[in-house]
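Engineer: Quick one: structure below, then a few questions.
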Amino acid sequence: MLHAELAAIDAEPLDHGGPWLFPSIAGAGLASLALIAWVVGSPLVAGVLAVAALGAMAGLWVLAQRSAVPPIVAEPLSGGPSADFALVGAALSMVGDPAAITDGMGTLLSANGPWRERFGPTPPRGIGRDDHAREGIELARTLAWRDGSGCAANIDTASGSIAVETERVGVNGDQLIWRVPTRPSLDPMSRAVSQISGTLGEQLASAGVMAALADDQGKLRAANAPFSVRCKPADGANLEELLVPLEGGSVRLANEGDGGQNLHAIHVPLDPSGEGRAGTFLLFPAPEAANVASTGNVQALLDVLPIGLALVNRDGRFITMNKAFQVAGGIGERPPSFPGDLVVKEDKAAVADAVRRNARGPAMSGDLAVRLNHLPGEPVALTIAGLRGLGEAVVLLLLKDNSEEAKLKRQIAQATKMQAVGQLAGGVAHDFNNILTAIIGHCDLMLMRHTPGDSDYDDIQQIKSNSNRAAGLTRQLLAFSRQQTLRPQVLQLPDVVSEVSHLLKRLLGETVVLNVKHGRDLGSVRADPGQLEQVIVNLAVNARDAMAGTGGGTLTIQTYPVRADQVAELGSEILPIADYSALSISDTGCGIPPNVLGKVFEPFFTTKEVGKGTGLGLSTVYGIVKQSGGFIFAESKVGEGTSFVIYLPVHREEKSSRREAPVEKVKQEELWGTGTVLLVEDEPMVRTVAERALTRQGYRVVTANNGEEALEILDKGDEFALLISDVVMPAMDGPTMVREARKSRPDLKVLFMSGYAEEQLRKSIDIANVAFLPKPFSVQELAEAARRTLAAK
């Protein structure tokens, strides 16, 4: 749609004397300056550019008044119109980092020079090299489109690993700006020169190790102080000329002559694959080679390195290991004797066999996927390489602590899965609400023609009852997807628990003891009391079922305050540091296995027997808590019980906040109305029910299938007392249609119907003086909403 609008603008002839040119340029300039301020991050730069741009625009307007020649517009990126993106493109060109602008679906609209140099004309969604990278980019786009901003790290592209930041921008919020932050990076050789000439070289020197760096041609590029002092190399010297090879693999410094000290040389190549001559040469005195693995110098060298390293002798025993290896392997005060002691029982034989082959056969290297004793559920890569000429040490082990990386991968995968399932659940619930609205509405219309005692009356009531049960399921789906309509109030958690305690005693039965504890100085929270009670009831019922197999138990409900400093001590990466009021619900039941605990909040997942659970209870709890701005965590041990802890942020009452007046229920005799109602609904079954219901209440109803047809009806000039419209419709949605209608009818009263949450709709619609009616609704509820909207001032 954006391209079509821009094409239409470019197709129109330019009237340089028209009054719209300068405001258009000014608007585009201000939008571009906003982008510059965000990307550059400097108010001073944005201010200077603002003065320059305003002066340029004023001059352009004067010239446009005097000349009939149209201004030159920058060439668009992909052949589309570019009149609105010329200044934006100029702004992007001032940014040093690669930056681009796309529409909501990721279609590239504009890109700066660094982006073209690095990625060419490829849009953001196409720069990833594999599925994992593309999933990360799509997650960043989805987060930005939903929350306003998003980011993704470790995106593998043809030009290397990058991080991506994106933010939703534009007057209508229908565009995304992407930025790839770049850090000054050095090539491997330059980085190695910096290390050997800097801190790493000094640390090696303090350990008594001489270090020299050479390129592929053998030219000396850098050396630490001990090598430079003893060798005294000239500029551009070749390392092969500085070292004299000896028998047994030893070397000697050429300038020291035949009486020089014998040295052992270890080559550490720059290429991780081990290919090429370029690399660092570490020189150790040969007389100490027999015990090099046990010397303090080598131990100090190993401890400096960030990768876990360990040396093993011919018997397969550890000789030494650095601190990084101890951390990655979960080694305590008493280190193990053999490498196989680090891994689980199933992997011991493979590790021992690999160590034995590398210790006695030719020097080789390879990776093994093993599971460590302290992390049996997370496979890690153990590199085993053979060594020669290093005394007792014949095998080198490398182990990297990738627990944080694995944890982040799990969190991203879980967040992506929950988001996708939430979107699916919300869409299904919205469509199903339309069907339920028609069913419930027709039942209400039929009940108006049947009285209790008729043969069909009970059947109609049964249909309506089952439809209401189905509506409850859709509300649970909407709660999980955070699209349920909530009526939040400022309340105290102990009051909510007290209100529901009498109901819990009946639900739990005689075998379960209810224990309620309340802390002091709890801050007030803002939540829907009815939905919060549903959360407590759902968790209590699950606890009752978990304790049924053990013959009963104790259910403990506790409320207590959690201060910001206590949250910081928890060290949670999910829970932001703030003041919370916590609600804990614990049981003494059978517990939840670890492989199940991570899935309990997923919809339709249940461990109960068929027919005893829908799998929507905990997913509903999760959705209500998240939509209320809170957090929920589950902890469990098999055989000891389960505990759910809910953290709700403390509500700070604003001085200017006003309490909304409660909605009064309209009396039955006041439902009759007069006037003409314009009903806009794309679903025929919902439109039919609503039309018949409103007609029975005395209204004259005119229907429209979509927003365009409704505007055509309004353009005829007929008077309408009320406009009732669905929100989501094809082509033109309800909010767009209302904005157009109010240009000519500013006082038109509007009632929106939707299966989505009212809070979410009000944020996205941003139209004043409109009422909402959630689907599914009955004939009575529709009549009440129409009457209430008409009576509103």
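Every chain in the structure tokens takes a letter, A first, then B, and so on in the order presented; its residues are numbered from 1, and the ligands are numbered from 1 following the presented order.
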Within 10 Å of segment 721-731 of chain A, counting only C-alpha atoms, which residues show up once you throw out same-chain ones fewer than 6 positions away? Write them as a PDB file with N, CA and C atoms, in the first residue's frame, please.
Structural biologist:
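Here's the written file out_8.pdb:
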```pdb
ATOM      1  N   HIS A 430     -10.554 -15.317  17.993  1.00  0.00           N
ATOM      2  CA  HIS A 430     -11.279 -14.212  17.357  1.00  0.00           C
ATOM      3  C   HIS A 430     -12.285 -14.735  16.328  1.00  0.00           C
ATOM      4  N   THR A 674     -34.938   4.584  19.384  1.00  0.00           N
ATOM      5  CA  THR A 674     -35.397   5.086  18.086  1.00  0.00           C
ATOM      6  C   THR A 674     -34.185   5.606  17.325  1.00  0.00           C
ATOM      7  N   GLY A 675     -34.396   5.880  16.056  1.00  0.00           N
ATOM      8  CA  GLY A 675     -33.317   6.400  15.228  1.00  0.00           C
ATOM      9  C   GLY A 675     -32.781   5.319  14.291  1.00  0.00           C
ATOM     10  N   THR A 676     -31.868   5.761  13.432  1.00  0.00           N
ATOM     11  CA  THR A 676     -31.297   4.873  12.429  1.00  0.00           C
ATOM     12  C   THR A 676     -29.881   4.482  12.846  1.00  0.00           C
ATOM     13  N   VAL A 677     -29.615   3.194  12.731  1.00  0.00           N
ATOM     14  CA  VAL A 677     -28.308   2.644  13.093  1.00  0.00           C
ATOM     15  C   VAL A 677     -27.645   2.095  11.830  1.00  0.00           C
ATOM     16  N   LEU A 678     -26.385   2.472  11.613  1.00  0.00           N
ATOM     17  CA  LEU A 678     -25.602   1.925  10.503  1.00  0.00           C
ATOM     18  C   LEU A 678     -24.754   0.784  11.066  1.00  0.00           C
ATOM     19  N   LEU A 679     -25.025  -0.436  10.623  1.00  0.00           N
ATOM     20  CA  LEU A 679     -24.337  -1.636  11.110  1.00  0.00           C
ATOM     21  C   LEU A 679     -23.344  -2.105  10.047  1.00  0.00           C
ATOM     22  N   VAL A 680     -22.049  -2.154  10.416  1.00  0.00           N
ATOM     23  CA  VAL A 680     -20.989  -2.549   9.491  1.00  0.00           C
ATOM     24  C   VAL A 680     -20.336  -3.818  10.031  1.00  0.00           C
ATOM     25  N   GLU A 681     -20.498  -4.934   9.321  1.00  0.00           N
ATOM     26  CA  GLU A 681     -19.959  -6.224   9.753  1.00  0.00           C
ATOM     27  C   GLU A 681     -19.717  -7.090   8.513  1.00  0.00           C
ATOM     28  N   ASP A 682     -18.488  -7.634   8.381  1.00  0.00           N
ATOM     29  CA  ASP A 682     -18.167  -8.438   7.199  1.00  0.00           C
ATOM     30  C   ASP A 682     -18.624  -9.882   7.330  1.00  0.00           C
ATOM     31  N   GLU A 683     -18.924 -10.354   8.552  1.00  0.00           N
ATOM     32  CA  GLU A 683     -19.421 -11.715   8.743  1.00  0.00           C
ATOM     33  C   GLU A 683     -20.941 -11.718   8.594  1.00  0.00           C
ATOM     34  N   VAL A 686     -23.039 -12.854  11.764  1.00  0.00           N
ATOM     35  CA  VAL A 686     -23.069 -11.880  12.865  1.00  0.00           C
ATOM     36  C   VAL A 686     -23.914 -10.672  12.477  1.00  0.00           C
ATOM     37  N   ARG A 687     -23.782 -10.232  11.227  1.00  0.00           N
ATOM     38  CA  ARG A 687     -24.554  -9.077  10.763  1.00  0.00           C
ATOM     39  C   ARG A 687     -26.056  -9.358  10.834  1.00  0.00           C
ATOM     40  N   ALA A 690     -27.231  -9.291  14.571  1.00  0.00           N
ATOM     41  CA  ALA A 690     -27.239  -7.938  15.124  1.00  0.00           C
ATOM     42  C   ALA A 690     -28.358  -7.102  14.502  1.00  0.00           C
ATOM     43  N   TYR A 699     -35.079   0.088  16.543  1.00  0.00           N
ATOM     44  CA  TYR A 699     -34.191   0.874  15.687  1.00  0.00           C
ATOM     45  C   TYR A 699     -34.436   0.548  14.218  1.00  0.00           C
ATOM     46  N   ARG A 700     -34.175   1.527  13.366  1.00  0.00           N
ATOM     47  CA  ARG A 700     -34.135   1.281  11.926  1.00  0.00           C
ATOM     48  C   ARG A 700     -32.682   0.997  11.568  1.00  0.00           C
ATOM     49  N   VAL A 701     -32.409  -0.152  10.955  1.00  0.00           N
ATOM     50  CA  VAL A 701     -31.042  -0.631  10.752  1.00  0.00           C
ATOM     51  C   VAL A 701     -30.709  -0.619   9.268  1.00  0.00           C
ATOM     52  N   VAL A 702     -29.580  -0.009   8.935  1.00  0.00           N
ATOM     53  CA  VAL A 702     -29.006  -0.053   7.590  1.00  0.00           C
ATOM     54  C   VAL A 702     -27.682  -0.794   7.694  1.00  0.00           C
ATOM     55  N   THR A 703     -27.484  -1.810   6.853  1.00  0.00           N
ATOM     56  CA  THR A 703     -26.295  -2.653   6.968  1.00  0.00           C
ATOM     57  C   THR A 703     -25.311  -2.370   5.847  1.00  0.00           C
ATOM     58  N   ALA A 704     -24.034  -2.660   6.149  1.00  0.00           N
ATOM     59  CA  ALA A 704     -22.953  -2.543   5.164  1.00  0.00           C
ATOM     60  C   ALA A 704     -22.001  -3.708   5.369  1.00  0.00           C
ATOM     61  N   ASN A 705     -21.489  -4.241   4.262  1.00  0.00           N
ATOM     62  CA  ASN A 705     -20.619  -5.411   4.327  1.00  0.00           C
ATOM     63  C   ASN A 705     -19.167  -5.058   4.679  1.00  0.00           C
ATOM     64  N   ASN A 706     -18.766  -3.823   4.429  1.00  0.00           N
ATOM     65  CA  ASN A 706     -17.377  -3.437   4.687  1.00  0.00           C
ATOM     66  C   ASN A 706     -17.302  -1.927   4.884  1.00  0.00           C
ATOM     67  N   GLY A 707     -16.066  -1.441   5.147  1.00  0.00           N
ATOM     68  CA  GLY A 707     -15.894  -0.029   5.424  1.00  0.00           C
ATOM     69  C   GLY A 707     -16.165   0.864   4.221  1.00  0.00           C
ATOM     70  N   GLU A 708     -15.764   0.430   3.019  1.00  0.00           N
ATOM     71  CA  GLU A 708     -15.990   1.252   1.835  1.00  0.00           C
ATOM     72  C   GLU A 708     -17.479   1.442   1.570  1.00  0.00           C
ATOM     73  N   ALA A 710     -19.837   1.327   3.779  1.00  0.00           N
ATOM     74  CA  ALA A 710     -20.388   2.182   4.831  1.00  0.00           C
ATOM     75  C   ALA A 710     -20.148   3.659   4.520  1.00  0.00           C
ATOM     76  N   MET A 737     -12.304   3.463   8.782  1.00  0.00           N
ATOM     77  CA  MET A 737     -13.606   3.915   8.293  1.00  0.00           C
ATOM     78  C   MET A 737     -14.194   4.995   9.217  1.00  0.00           C
ATOM     79  N   VAL A 738     -14.044   4.837  10.538  1.00  0.00           N
ATOM     80  CA  VAL A 738     -14.582   5.815  11.481  1.00  0.00           C
ATOM     81  C   VAL A 738     -13.854   7.150  11.348  1.00  0.00           C
ATOM     82  N   ALA A 741     -15.268   8.851   8.389  1.00  0.00           N
ATOM     83  CA  ALA A 741     -16.654   9.271   8.605  1.00  0.00           C
ATOM     84  C   ALA A 741     -16.738  10.511   9.483  1.00  0.00           C
ATOM     85  N   ASP A 747     -19.697  14.424  15.266  1.00  0.00           N
ATOM     86  CA  ASP A 747     -20.457  14.043  16.459  1.00  0.00           C
ATOM     87  C   ASP A 747     -21.071  12.655  16.344  1.00  0.00           C
ATOM     88  N   LEU A 748     -20.698  11.881  15.341  1.00  0.00           N
ATOM     89  CA  LEU A 748     -21.280  10.555  15.148  1.00  0.00           C
ATOM     90  C   LEU A 748     -20.853   9.629  16.284  1.00  0.00           C
ATOM     91  N   LYS A 749     -21.833   9.005  16.931  1.00  0.00           N
ATOM     92  CA  LYS A 749     -21.546   8.077  18.019  1.00  0.00           C
ATOM     93  C   LYS A 749     -21.170   6.721  17.428  1.00  0.00           C
ATOM     94  N   VAL A 750     -20.152   6.074  18.037  1.00  0.00           N
ATOM     95  CA  VAL A 750     -19.576   4.859  17.476  1.00  0.00           C
ATOM     96  C   VAL A 750     -19.515   3.778  18.551  1.00  0.00           C
ATOM     97  N   LEU A 751     -19.919   2.560  18.161  1.00  0.00           N
ATOM     98  CA  LEU A 751     -19.807   1.380  19.015  1.00  0.00           C
ATOM     99  C   LEU A 751     -19.031   0.319  18.229  1.00  0.00           C
ATOM    100  N   PHE A 752     -17.842  -0.043  18.732  1.00  0.00           N
ATOM    101  CA  PHE A 752     -17.023  -1.061  18.083  1.00  0.00           C
ATOM    102  C   PHE A 752     -17.345  -2.438  18.660  1.00  0.00           C
ATOM    103  N   MET A 753     -17.429  -3.449  17.777  1.00  0.00           N
ATOM    104  CA  MET A 753     -17.556  -4.846  18.187  1.00  0.00           C
ATOM    105  C   MET A 753     -16.248  -5.548  17.824  1.00  0.00           C
ATOM    106  N   SER A 754     -15.708  -6.370  18.752  1.00  0.00           N
ATOM    107  CA  SER A 754     -14.466  -7.071  18.446  1.00  0.00           C
ATOM    108  C   SER A 754     -14.272  -8.234  19.392  1.00  0.00           C
ATOM    109  N   GLY A 755     -13.574  -9.245  18.904  1.00  0.00           N
ATOM    110  CA  GLY A 755     -13.195 -10.378  19.733  1.00  0.00           C
ATOM    111  C   GLY A 755     -11.853 -10.187  20.389  1.00  0.00           C
ATOM    112  N   TYR A 756     -11.178  -9.058  20.150  1.00  0.00           N
ATOM    113  CA  TYR A 756      -9.890  -8.782  20.761  1.00  0.00           C
ATOM    114  C   TYR A 756     -10.075  -7.937  22.031  1.00  0.00           C
ATOM    115  N   LEU A 761      -7.042  -2.678  21.796  1.00  0.00           N
ATOM    116  CA  LEU A 761      -7.668  -1.929  20.712  1.00  0.00           C
ATOM    117  C   LEU A 761      -7.588  -0.430  20.959  1.00  0.00           C
ATOM    118  N   ILE A 765      -6.100   1.966  18.265  1.00  0.00           N
ATOM    119  CA  ILE A 765      -7.078   2.759  17.521  1.00  0.00           C
ATOM    120  C   ILE A 765      -6.876   4.250  17.766  1.00  0.00           C
ATOM    121  N   VAL A 770     -15.467   6.582  21.680  1.00  0.00           N
ATOM    122  CA  VAL A 770     -15.987   5.355  21.081  1.00  0.00           C
ATOM    123  C   VAL A 770     -16.225   4.351  22.200  1.00  0.00           C
ATOM    124  N   ALA A 771     -17.204   3.488  22.001  1.00  0.00           N
ATOM    125  CA  ALA A 771     -17.535   2.444  22.971  1.00  0.00           C
ATOM    126  C   ALA A 771     -17.160   1.089  22.381  1.00  0.00           C
ATOM    127  N   PHE A 772     -16.997   0.081  23.273  1.00  0.00           N
ATOM    128  CA  PHE A 772     -16.593  -1.251  22.840  1.00  0.00           C
ATOM    129  C   PHE A 772     -17.570  -2.287  23.352  1.00  0.00           C
ATOM    130  N   LEU A 773     -17.796  -3.313  22.540  1.00  0.00           N
ATOM    131  CA  LEU A 773     -18.623  -4.454  22.921  1.00  0.00           C
ATOM    132  C   LEU A 773     -17.851  -5.715  22.549  1.00  0.00           C
ATOM    133  N   LYS A 775     -16.952  -9.582  21.779  1.00  0.00           N
ATOM    134  CA  LYS A 775     -17.616 -10.777  21.266  1.00  0.00           C
ATOM    135  C   LYS A 775     -17.157 -11.982  22.080  1.00  0.00           C
ATOM    136  N   ALA A 786     -25.871  -0.535  22.833  1.00  0.00           N
ATOM    137  CA  ALA A 786     -26.368   0.498  21.917  1.00  0.00           C
ATOM    138  C   ALA A 786     -27.051   1.620  22.687  1.00  0.00           C
ATOM    139  N   ARG A 787     -27.893   1.250  23.642  1.00  0.00           N
ATOM    140  CA  ARG A 787     -28.594   2.269  24.423  1.00  0.00           C
ATOM    141  C   ARG A 787     -27.632   3.108  25.246  1.00  0.00           C
ATOM    142  N   THR A 789     -24.448   3.716  24.590  1.00  0.00           N
ATOM    143  CA  THR A 789     -23.656   4.585  23.706  1.00  0.00           C
ATOM    144  C   THR A 789     -24.460   5.803  23.275  1.00  0.00           C
ATOM    145  N   LEU A 790     -25.739   5.604  22.972  1.00  0.00           N
ATOM    146  CA  LEU A 790     -26.588   6.721  22.569  1.00  0.00           C
ATOM    147  C   LEU A 790     -26.814   7.701  23.714  1.00  0.00           C
TER     148      LEU A 790
END
```
Engineer: Show me, as a PyMOL selection string, the residues that have an atom within 6 Å of segment 506-516 of chain A when counting only C-alpha atoms, minus same-chain residues fewer than 4 positions from it.
Structural biologist: chain A and resi 544+552-558
Engineer: Mind writing the picked residues with C-alpha atoms as a compact mmCIF listing (two decimals), in the first residue's frame?
Structural biologist:
```txt
# COMPACT_ATOMS: atom_id res chain seq x y z
CA ARG A 544 -5.60 -30.40 44.84
CA GLY A 552 -4.25 -35.16 50.81
CA GLY A 553 -1.84 -32.55 52.01
CA THR A 554 -1.43 -28.85 52.74
CA LEU A 555 -2.03 -25.93 50.37
CA THR A 556 -0.25 -22.76 51.48
CA ILE A 557 -1.19 -19.36 50.07
CA GLN A 558 1.14 -16.58 51.11
```
Engineer: Just the residues within 7 Å of Asp97 of chain A, please, counting only C-alpha atoms, with nothing from its chain fewer than 5 positions along; format it as a list in words.
Structural biologist: Pro114, Arg179, Val180, Pro181 and Thr182 of chain A
Engineer: Using only C-alpha atoms, which residue out of A:Ala254, A:Ile162, A:Ile440, A:Met448 lies closest to Lys232 of chain A?
Structural biologist: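 Selected residue with least distance to Lys232 of chain A: A:Ala254.
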Engineer: What does the distance between atom CA of Met446 of chain A and atom CA of Gly698 of chain A come to in Å, to one decimal place?
Structural biologist: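 Taking atom CA of Met446 of chain A and atom CA of Gly698 of chain A, their separation equals 17.9 Å.
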